[in-house]
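Student: Provided below: final_23.txt, containing compact mmCIF, C-alpha atoms and all ligand atoms.
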# COMPACT_ATOMS: atom_id res chain seq x y z
CA MET X 25 14.61 -11.50 5.85
CA ARG X 26 11.80 -9.22 4.68
CA ARG X 27 11.31 -5.97 6.57
CA LYS X 28 7.78 -5.15 7.59
CA LEU X 29 6.14 -2.11 6.03
CA ILE X 30 3.32 -0.38 7.88
CA ALA X 31 1.61 2.15 5.65
CA GLY X 32 -1.15 4.61 6.51
CA ASN X 33 -3.51 5.58 3.70
CA TRP X 34 -5.19 8.78 4.83
CA LYS X 35 -7.50 8.75 1.78
CA MET X 36 -9.44 12.02 1.31
CA ASN X 37 -9.11 12.99 4.98
CA ASN X 38 -7.25 15.78 6.82
CA ASP X 39 -6.88 19.34 5.55
CA LEU X 40 -3.47 21.00 5.88
CA ASP X 41 -3.92 21.92 9.51
CA ASP X 42 -5.18 18.47 10.52
CA SER X 43 -2.40 16.78 8.52
CA LEU X 44 0.32 18.76 10.25
CA LYS X 45 -1.24 18.18 13.68
CA LEU X 46 -1.39 14.44 13.08
CA VAL X 47 2.20 14.43 11.86
CA GLU X 48 3.27 16.24 15.05
CA LYS X 49 1.68 13.43 17.07
CA PHE X 50 3.52 10.79 14.99
CA LYS X 51 6.76 12.67 15.50
CA SER X 52 6.30 12.70 19.26
CA LEU X 53 5.90 8.90 19.22
CA SER X 54 8.47 8.12 16.54
CA ASP X 55 11.44 7.46 18.84
CA LYS X 56 9.37 4.58 20.26
CA PHE X 57 8.60 3.07 16.82
CA ASP X 58 9.95 -0.43 16.31
CA LYS X 59 13.27 0.15 14.51
CA ASP X 60 12.90 -2.98 12.37
CA VAL X 61 9.76 -1.68 10.70
CA ASP X 62 9.45 0.74 7.77
CA VAL X 63 6.75 3.33 8.40
CA LEU X 64 4.97 5.16 5.61
CA ILE X 65 2.16 7.69 5.52
CA CYS X 66 0.17 8.64 2.44
CA PRO X 67 -1.60 12.01 2.78
CA ALA X 68 -3.67 13.68 0.06
CA PHE X 69 -1.67 15.14 -2.85
CA ILE X 70 -2.05 18.73 -1.66
CA ASN X 71 -0.54 17.92 1.73
CA LEU X 72 2.39 15.78 0.53
CA TYR X 73 4.97 18.56 0.44
CA PRO X 74 4.19 20.23 3.79
CA VAL X 75 4.02 16.82 5.48
CA LYS X 76 7.31 15.84 3.86
CA GLN X 77 8.92 19.06 5.10
CA SER X 78 7.55 18.59 8.58
CA LEU X 79 9.03 15.07 8.70
CA GLU X 80 12.54 16.15 7.64
CA GLY X 81 15.02 14.20 9.76
CA TYR X 82 12.44 11.63 10.92
CA ASN X 83 12.47 8.05 9.75
CA ILE X 84 8.94 8.11 8.34
CA LYS X 85 8.45 7.77 4.60
CA ILE X 86 5.88 9.59 2.49
CA GLY X 87 3.75 8.15 -0.28
CA ALA X 88 1.10 9.35 -2.71
CA GLN X 89 -2.27 7.64 -3.04
CA ASN X 90 -2.25 7.60 -6.85
CA MET X 91 -0.48 9.13 -9.86
CA HIS X 92 -0.72 9.30 -13.65
CA PHE X 93 1.60 7.15 -15.74
CA GLU X 94 2.71 9.96 -18.10
CA ASP X 95 5.46 12.41 -17.13
CA TYR X 96 3.58 15.53 -18.26
CA GLY X 97 0.92 16.65 -20.72
CA ALA X 98 -2.72 17.55 -21.20
CA PHE X 99 -4.21 15.48 -18.38
CA THR X 100 -6.15 18.05 -16.38
CA GLY X 101 -6.26 17.36 -12.68
CA GLU X 102 -3.62 14.65 -12.73
CA ILE X 103 -0.27 14.37 -10.93
CA SER X 104 2.75 12.81 -12.63
CA PRO X 105 5.58 10.63 -11.31
CA THR X 106 8.09 13.40 -12.11
CA MET X 107 6.11 15.81 -9.93
CA LEU X 108 6.10 13.32 -7.06
CA LYS X 109 9.79 12.64 -7.50
CA SER X 110 10.59 16.37 -7.54
CA ILE X 111 9.30 16.70 -3.96
CA GLY X 112 11.05 13.54 -2.77
CA ILE X 113 8.12 11.11 -2.59
CA ASP X 114 9.23 7.54 -1.81
CA TYR X 115 6.14 5.40 -2.49
CA VAL X 116 2.89 5.47 -4.45
CA ILE X 117 -0.26 3.39 -3.92
CA ILE X 118 -1.53 2.06 -7.23
CA GLY X 119 -4.78 0.32 -8.07
CA HIS X 120 -6.44 0.83 -4.69
CA SER X 121 -9.89 -0.77 -4.84
CA GLU X 122 -11.51 2.66 -4.35
CA ARG X 123 -9.73 3.87 -7.48
CA ARG X 124 -10.76 0.72 -9.33
CA GLN X 125 -14.35 1.05 -8.09
CA TYR X 126 -14.99 4.80 -8.40
CA PHE X 127 -12.41 6.10 -10.89
CA ASN X 128 -12.26 3.43 -13.59
CA GLU X 129 -8.78 2.20 -12.67
CA VAL X 130 -8.14 -1.03 -14.57
CA ASP X 131 -5.26 -3.50 -14.64
CA GLU X 132 -3.90 -1.98 -17.88
CA THR X 133 -3.47 1.44 -16.22
CA VAL X 134 -2.19 -0.15 -13.02
CA ASN X 135 0.47 -1.87 -15.14
CA LYS X 136 1.47 1.42 -16.82
CA LYS X 137 1.63 3.22 -13.48
CA LEU X 138 3.69 0.42 -11.92
CA LYS X 139 6.26 0.69 -14.73
CA ALA X 140 6.25 4.52 -14.57
CA ALA X 141 6.85 4.46 -10.81
CA HIS X 142 9.93 2.28 -11.24
CA ILE X 143 11.29 4.45 -14.05
CA HIS X 144 11.27 7.33 -11.55
CA GLY X 145 12.54 5.37 -8.56
CA ILE X 146 9.25 5.49 -6.67
CA ILE X 147 8.22 2.25 -4.96
CA PRO X 148 4.72 1.19 -6.04
CA ILE X 149 2.32 -0.48 -3.64
CA VAL X 150 0.01 -2.39 -5.95
CA CYS X 151 -3.37 -3.28 -4.45
CA VAL X 152 -5.19 -6.45 -5.39
CA GLY X 153 -8.21 -8.17 -3.89
CA GLU X 154 -11.57 -9.74 -4.51
CA THR X 155 -15.13 -8.59 -3.89
CA LEU X 156 -17.38 -10.39 -1.42
CA GLU X 157 -19.35 -11.84 -4.33
CA GLN X 158 -16.16 -13.26 -5.87
CA ARG X 159 -15.13 -14.82 -2.55
CA GLU X 160 -18.57 -16.31 -2.01
CA SER X 161 -18.47 -17.77 -5.52
CA GLY X 162 -15.11 -19.37 -4.76
CA ILE X 163 -13.21 -17.39 -7.40
CA GLU X 164 -11.13 -15.19 -5.08
CA LYS X 165 -7.80 -16.79 -6.00
CA GLU X 166 -8.53 -16.75 -9.72
CA THR X 167 -9.48 -13.06 -9.42
CA VAL X 168 -6.32 -12.09 -7.56
CA LYS X 169 -4.08 -14.15 -9.85
CA ASN X 170 -5.59 -12.46 -12.87
CA GLN X 171 -4.83 -9.05 -11.35
CA ILE X 172 -1.23 -10.02 -10.56
CA VAL X 173 -0.61 -11.39 -14.06
CA LYS X 174 -2.01 -8.26 -15.73
CA ASP X 175 -0.53 -5.74 -13.31
CA PHE X 176 2.98 -7.24 -13.72
CA GLU X 177 2.83 -7.78 -17.48
CA ASN X 178 6.28 -7.06 -18.97
CA VAL X 179 7.57 -5.78 -15.64
CA HIS X 180 11.24 -6.71 -15.31
CA ALA X 181 12.28 -8.95 -12.40
CA SER X 182 14.55 -6.19 -11.05
CA GLU X 183 11.46 -3.99 -10.72
CA ALA X 184 9.08 -6.71 -9.55
CA VAL X 185 11.33 -7.43 -6.58
CA LYS X 186 11.02 -3.79 -5.46
CA THR X 187 7.22 -3.72 -5.85
CA VAL X 188 5.06 -4.00 -2.75
CA ILE X 189 1.82 -5.95 -3.13
CA ALA X 190 -1.10 -5.16 -0.82
CA TYR X 191 -3.73 -7.86 -0.56
CA GLU X 192 -6.91 -5.98 0.25
CA PRO X 193 -10.13 -7.97 0.10
CA ILE X 194 -12.68 -5.32 -0.90
CA TRP X 195 -15.24 -6.65 1.57
CA ALA X 196 -12.86 -5.85 4.43
CA ILE X 197 -11.96 -2.26 3.51
CA GLY X 198 -13.52 0.34 5.78
CA THR X 199 -16.21 -2.15 6.78
CA GLY X 200 -14.87 -3.16 10.17
CA ARG X 201 -14.92 -6.72 8.82
CA THR X 202 -11.40 -8.19 8.72
CA ALA X 203 -10.24 -11.28 6.90
CA SER X 204 -9.20 -13.86 9.47
CA SER X 205 -5.44 -14.08 9.88
CA GLN X 206 -5.66 -17.51 8.26
CA GLN X 207 -7.58 -16.21 5.21
CA ALA X 208 -5.16 -13.28 4.88
CA ASN X 209 -2.07 -15.47 5.13
CA GLU X 210 -3.46 -18.07 2.73
CA MET X 211 -3.97 -15.38 0.10
CA ALA X 212 -0.60 -13.74 0.79
CA SER X 213 1.07 -17.10 0.31
CA PHE X 214 -0.96 -17.69 -2.88
CA ILE X 215 0.17 -14.27 -4.18
CA ARG X 216 3.79 -15.18 -3.42
CA ASN X 217 3.31 -18.35 -5.47
CA CYS X 218 1.87 -16.31 -8.36
CA VAL X 219 4.95 -14.06 -8.25
CA SER X 220 7.15 -17.15 -8.11
CA GLU X 221 5.46 -18.61 -11.20
CA ILE X 222 6.36 -15.46 -13.12
CA TYR X 223 9.77 -14.58 -11.65
CA GLY X 224 10.99 -17.56 -9.61
CA THR X 225 11.45 -17.98 -5.88
CA ASP X 226 14.54 -15.74 -5.71
CA ILE X 227 12.23 -12.82 -6.41
CA SER X 228 9.04 -14.02 -4.72
CA ASP X 229 10.87 -14.69 -1.43
CA LYS X 230 11.88 -11.03 -1.32
CA VAL X 231 8.64 -9.34 -2.35
CA ILE X 232 6.87 -7.45 0.46
CA ILE X 233 3.22 -8.52 0.70
CA GLN X 234 0.95 -6.47 2.94
CA TYR X 235 -2.54 -7.15 4.16
CA GLY X 236 -5.12 -4.37 4.23
CA GLY X 237 -8.72 -4.30 5.41
CA SER X 238 -9.87 -2.96 8.79
CA VAL X 239 -6.52 -3.53 10.51
CA LYS X 240 -6.64 -2.06 14.01
CA ALA X 241 -4.47 -2.20 17.12
CA ASP X 242 -6.50 -5.11 18.49
CA ASN X 243 -6.19 -7.39 15.45
CA ALA X 244 -2.76 -6.27 14.14
CA GLY X 245 -0.76 -8.67 16.31
CA GLU X 246 -2.40 -11.77 14.91
CA ILE X 247 -2.30 -10.60 11.30
CA LEU X 248 1.24 -9.26 11.36
CA THR X 249 2.78 -12.42 12.79
CA GLN X 250 1.59 -14.57 9.86
CA SER X 251 4.38 -16.14 7.81
CA ASP X 252 3.63 -14.50 4.45
CA ILE X 253 2.37 -11.12 5.66
CA ASP X 254 5.03 -8.43 5.69
CA GLY X 255 3.07 -5.48 6.92
CA ALA X 256 -0.21 -3.70 6.53
CA LEU X 257 -1.90 -0.99 4.50
CA ILE X 258 -4.13 0.83 6.93
CA GLY X 259 -6.93 3.29 6.27
CA GLY X 260 -9.12 4.36 9.20
CA ALA X 261 -6.74 3.35 11.99
CA SER X 262 -3.90 5.40 10.47
CA LEU X 263 -5.81 8.60 11.24
CA LYS X 264 -5.29 8.08 14.97
CA ALA X 265 -1.67 8.51 16.07
CA GLU X 266 -1.82 6.24 19.14
CA GLU X 267 -3.58 3.44 17.26
CA PHE X 268 -1.17 3.64 14.32
CA TYR X 269 1.76 3.59 16.75
CA LYS X 270 0.39 0.46 18.43
CA ILE X 271 0.04 -1.27 15.05
CA ILE X 272 3.63 -0.35 14.13
CA ASN X 273 4.88 -1.85 17.37
CA TYR X 274 2.98 -5.09 16.79
CA ALA X 275 4.82 -5.53 13.51
CA LYS X 276 7.82 -7.41 14.84
C1 LIG N 1 -7.28 0.95 2.83
O1 LIG N 1 -7.66 2.09 2.63
O2 LIG N 1 -6.43 0.47 2.09
C2 LIG N 1 -7.84 0.22 3.97
C3 LIG N 1 -7.42 -1.00 4.17
O3 LIG N 1 -8.76 0.88 4.75
P1 LIG N 1 -9.30 0.39 6.22
O4 LIG N 1 -8.08 0.07 7.04
O5 LIG N 1 -10.05 1.59 6.73
O6 LIG N 1 -10.15 -0.80 5.98
Spell out the structure here as C-alpha cells.

Tutor:
Amino acid sequence: MRRKLIAGNWKMNNDLDDSLKLVEKFKSLSDKFDKDVDVLICPAFINLYPVKQSLEGYNIKIGAQNMHFEDYGAFTGEISPTMLKSIGIDYVIIGHSERRQYFNEVDETVNKKLKAAHIHGIIPIVCVGETLEQRESGIEKETVKNQIVKDFENVHASEAVKTVIAYEPIWAIGTGRTASSQQANEMASFIRNCVSEIYGTDISDKVIIQYGGSVKADNAGEILTQSDIDGALIGGASLKAEEFYKIINYAK
C-alpha cells in the first residue's frame, strides 16, 4: 500500500515573517491532518532552517526546491546536499519545469542531483512532464518516457524505489488549467510502466507518483482518488493554509 504524499512548493514566495506565519497556521490545523498522509512543505532556501525549527515536534516534513549535485566547491550561489542534510532536510524537488525552463536544468543534471540526494539520504521528488505543444503533437508519452529513462540512468533499484516522481504537465502549472483526472491517471500509470520496464514491478508498484498542476481543494478529491496517483505537488494552493489542509484531507 503506497502512502499518499501531499507536498507544497512555495516557490519564490514568502519572506521569513510570512513563512513563519503560514507555518503557524499549518500547525494549528495539523492535529486534523489525515494521519495516513505524508505532508511536506518546501519553502525557499533561506527559510528552510527557521521553518524546520518552528515545526519541531510536528509531523510535517521539510523539503528544498532544488540543490547542486556536488558536496562543496566553487559554485557561487548554490546549495549542496550536505548543507541540506546538515539542517535535517528530508526531501528535495529536482527538475521542476520552472528550473528546466528558466535555469537550464537538463536531464543530465537531474540525474546527477537524483543520485546525490540518495547518497545523502534525502528523498528526491523528480518532476517530469510535457509542454502543451508536445501534448498537442501527440508526443507527451514519448517525452515523459525519455525524461524518466535519462533521469534514472544508472540509478540503483534500491534508490529508484525511494524516489518520488511528480507528473507535472507544464501547461497545467500555475495556469489554472488542470489535466483531467483521467489524463493525469493515464500518464501516472504510463510512468509506472516505464519504471517497471527498467526495474520490474516489485519496484514500480512501490514508487510514489504525484500529480502536479493547478491542484486545488475543489479538484483534489477527483485527482487524488485515481488508482496510480499517490499524492500531489502543489504550488499556488499550498500558500493558503485552509486550502492546503483541505487538499491533505482529500488524500485518503
Ligand atoms: C508546482 O509548482 O509544481 C505546481 C504544480 O504549481 P501550481 O499548483 O500552482 O500549478

Student: Just to confirm, what's the straight-line distance from CA of Lys35 (chain X) to CA of Ser262 (chain X) in Å (one decimal)?

Tutor: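 These two atoms are separated by 10.0 Å.
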
Student: Report, as AutoDock Vina command-line options, the axis-aligned box around all atoms of region 207-211 of chain X present in the file, extended by 3 Å on each side; give centre and edge lengths in Å to one decimal place.

Tutor:
--center_x -4.8 --center_y -15.7 --center_z 2.7 --size_x 11.5 --size_y 10.8 --size_z 11.1

Student: Take CA of Glu122 (chain X) and CA of Leu156 (chain X) and report the distance between them in Å, one decimal.

Tutor: 14.6 Å

Student: Considering all atoms listed in the file, return as number ranges by chain whatever protein or nucleic-acid residues lie within 9 Å of region 176-191 of chain X, sequence-local ones (same chain, fewer than 6 positions apart) excluded.

Tutor: X: 120, 132, 134-135, 138-139, 142, 147-154, 168, 208, 211-212, 215, 219, 222-223, 226-237, 255-257

Student: Can I get the residues close to ligand LIG 1 (chain N) as a list in words, where close means within 6 Å and we count all atoms listed in the file?

Tutor: Asn33, Ala196, Ile197, Gly198, Gly236, Gly237, Ser238, Val239, Leu257, Ile258, Gly259 and Gly260 of chain X

Student: How many Å separate CA of Gly87 (chain X) from CA of Leu72 (chain X)?

Tutor: 7.8 Å

Student: Contacts of Met36 (chain X) at 10 Å or less, counting only C-alpha atoms, minus same-chain residues fewer than 6 places along, as number ranges by chain?

Tutor: X: 67-69, 89

Student: Could you give me, as a list in words, the residues that sit within 9 Å of (7.5, 15.9, 7.6) in the file's coordinates, counting all atoms listed in the file?

Tutor: Leu44, Val47, Glu48, Lys51, Leu72, Tyr73, Pro74, Val75, Lys76, Gln77, Ser78, Leu79, Glu80, Gly81, Tyr82, Ile84, Lys85 and Ile86 of chain X

Student: Using all atoms listed in the file, can you tell me which of X:Val116, X:Ile253, X:Ile163, X:Cys66 comes closest to Gly145 (chain X)?

Tutor: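 Of X:Val116, X:Ile253, X:Ile163, X:Cys66, the one nearest Gly145 (chain X), counting all atoms listed in the file, is X:Val116.
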
Student: Which residue, X:Met91, X:Ala98, X:Leu64, X:Ile146, has the smallest gap to Glu129 (chain X) when you use only C-alpha atoms?

Tutor: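 The closest residue to Glu129 (chain X) is X:Met91.
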
Student: Can you tell me, as a compact mmCIF listing (two decimals) with C-alpha atoms, keeping the file's coordinate frame, what residues are no more than 7 Å from region 269-274 of chain X when counting all atoms listed in the file, ignoring any on the same chain fewer than 5 positions away?

Tutor:
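Dumped everything to around_21.txt:
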# COMPACT_ATOMS: atom_id res chain seq x y z
CA ILE X 30 3.32 -0.38 7.88
CA PHE X 57 8.60 3.07 16.82
CA ASP X 58 9.95 -0.43 16.31
CA LYS X 240 -6.64 -2.06 14.01
CA ALA X 241 -4.47 -2.20 17.12
CA ALA X 244 -2.76 -6.27 14.14
CA GLY X 245 -0.76 -8.67 16.31

Student: Nearest residue to Asp62 (chain X) out of X:His92, X:Arg159, X:Lys28, X:Lys49, using all atoms listed in the file?

Tutor: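 Among the listed residues, the smallest separation from Asp62 (chain X) belongs to X:Lys28.
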
Student: Complete region 221-234 of chain X with N, CA, C and O atoms (output as an mmCIF file, in the frame of the given file).

Tutor:
data_model
loop_
_atom_site.group_PDB
_atom_site.id
_atom_site.type_symbol
_atom_site.label_atom_id
_atom_site.label_comp_id
_atom_site.auth_asym_id
_atom_site.auth_seq_id
_atom_site.Cartn_x
_atom_site.Cartn_y
_atom_site.Cartn_z
ATOM 1 N N GLU X 221 5.713 -18.025 -9.869
ATOM 2 C CA GLU X 221 5.460 -18.610 -11.200
ATOM 3 C C GLU X 221 5.971 -17.699 -12.303
ATOM 4 O O GLU X 221 6.404 -18.146 -13.361
ATOM 5 N N ILE X 222 5.905 -16.402 -12.086
ATOM 6 C CA ILE X 222 6.360 -15.460 -13.120
ATOM 7 C C ILE X 222 7.874 -15.234 -13.025
ATOM 8 O O ILE X 222 8.577 -15.230 -14.036
ATOM 9 N N TYR X 223 8.384 -15.058 -11.807
ATOM 10 C CA TYR X 223 9.770 -14.580 -11.650
ATOM 11 C C TYR X 223 10.703 -15.556 -10.936
ATOM 12 O O TYR X 223 11.905 -15.305 -10.862
ATOM 13 N N GLY X 224 10.150 -16.621 -10.366
ATOM 14 C CA GLY X 224 10.990 -17.560 -9.610
ATOM 15 C C GLY X 224 11.037 -17.201 -8.131
ATOM 16 O O GLY X 224 10.691 -16.082 -7.739
ATOM 17 N N THR X 225 11.510 -18.167 -7.340
ATOM 18 C CA THR X 225 11.450 -17.980 -5.880
ATOM 19 C C THR X 225 12.469 -16.953 -5.363
ATOM 20 O O THR X 225 12.262 -16.357 -4.309
ATOM 21 N N ASP X 226 13.557 -16.752 -6.124
ATOM 22 C CA ASP X 226 14.540 -15.740 -5.710
ATOM 23 C C ASP X 226 13.860 -14.392 -5.531
ATOM 24 O O ASP X 226 14.165 -13.646 -4.597
ATOM 25 N N ILE X 227 12.946 -14.100 -6.453
ATOM 26 C CA ILE X 227 12.230 -12.820 -6.410
ATOM 27 C C ILE X 227 11.069 -12.918 -5.415
ATOM 28 O O ILE X 227 10.914 -12.056 -4.545
ATOM 29 N N SER X 228 10.271 -13.970 -5.538
ATOM 30 C CA SER X 228 9.040 -14.020 -4.720
ATOM 31 C C SER X 228 9.358 -14.066 -3.222
ATOM 32 O O SER X 228 8.593 -13.555 -2.414
ATOM 33 N N ASP X 229 10.497 -14.647 -2.856
ATOM 34 C CA ASP X 229 10.870 -14.690 -1.430
ATOM 35 C C ASP X 229 11.164 -13.296 -0.876
ATOM 36 O O ASP X 229 11.145 -13.084 0.327
ATOM 37 N N LYS X 230 11.479 -12.374 -1.789
ATOM 38 C CA LYS X 230 11.880 -11.030 -1.320
ATOM 39 C C LYS X 230 10.756 -10.008 -1.395
ATOM 40 O O LYS X 230 10.867 -8.924 -0.820
ATOM 41 N N VAL X 231 9.692 -10.331 -2.139
ATOM 42 C CA VAL X 231 8.640 -9.340 -2.350
ATOM 43 C C VAL X 231 7.850 -9.102 -1.048
ATOM 44 O O VAL X 231 7.466 -10.047 -0.359
ATOM 45 N N ILE X 232 7.641 -7.824 -0.738
ATOM 46 C CA ILE X 232 6.870 -7.450 0.460
ATOM 47 C C ILE X 232 5.380 -7.569 0.120
ATOM 48 O O ILE X 232 4.892 -6.942 -0.826
ATOM 49 N N ILE X 233 4.660 -8.369 0.898
ATOM 50 C CA ILE X 233 3.220 -8.520 0.700
ATOM 51 C C ILE X 233 2.507 -8.047 1.973
ATOM 52 O O ILE X 233 2.706 -8.610 3.057
ATOM 53 N N GLN X 234 1.705 -7.001 1.801
ATOM 54 C CA GLN X 234 0.950 -6.470 2.940
ATOM 55 C C GLN X 234 -0.469 -7.011 2.930
ATOM 56 O O GLN X 234 -0.988 -7.428 1.896
#
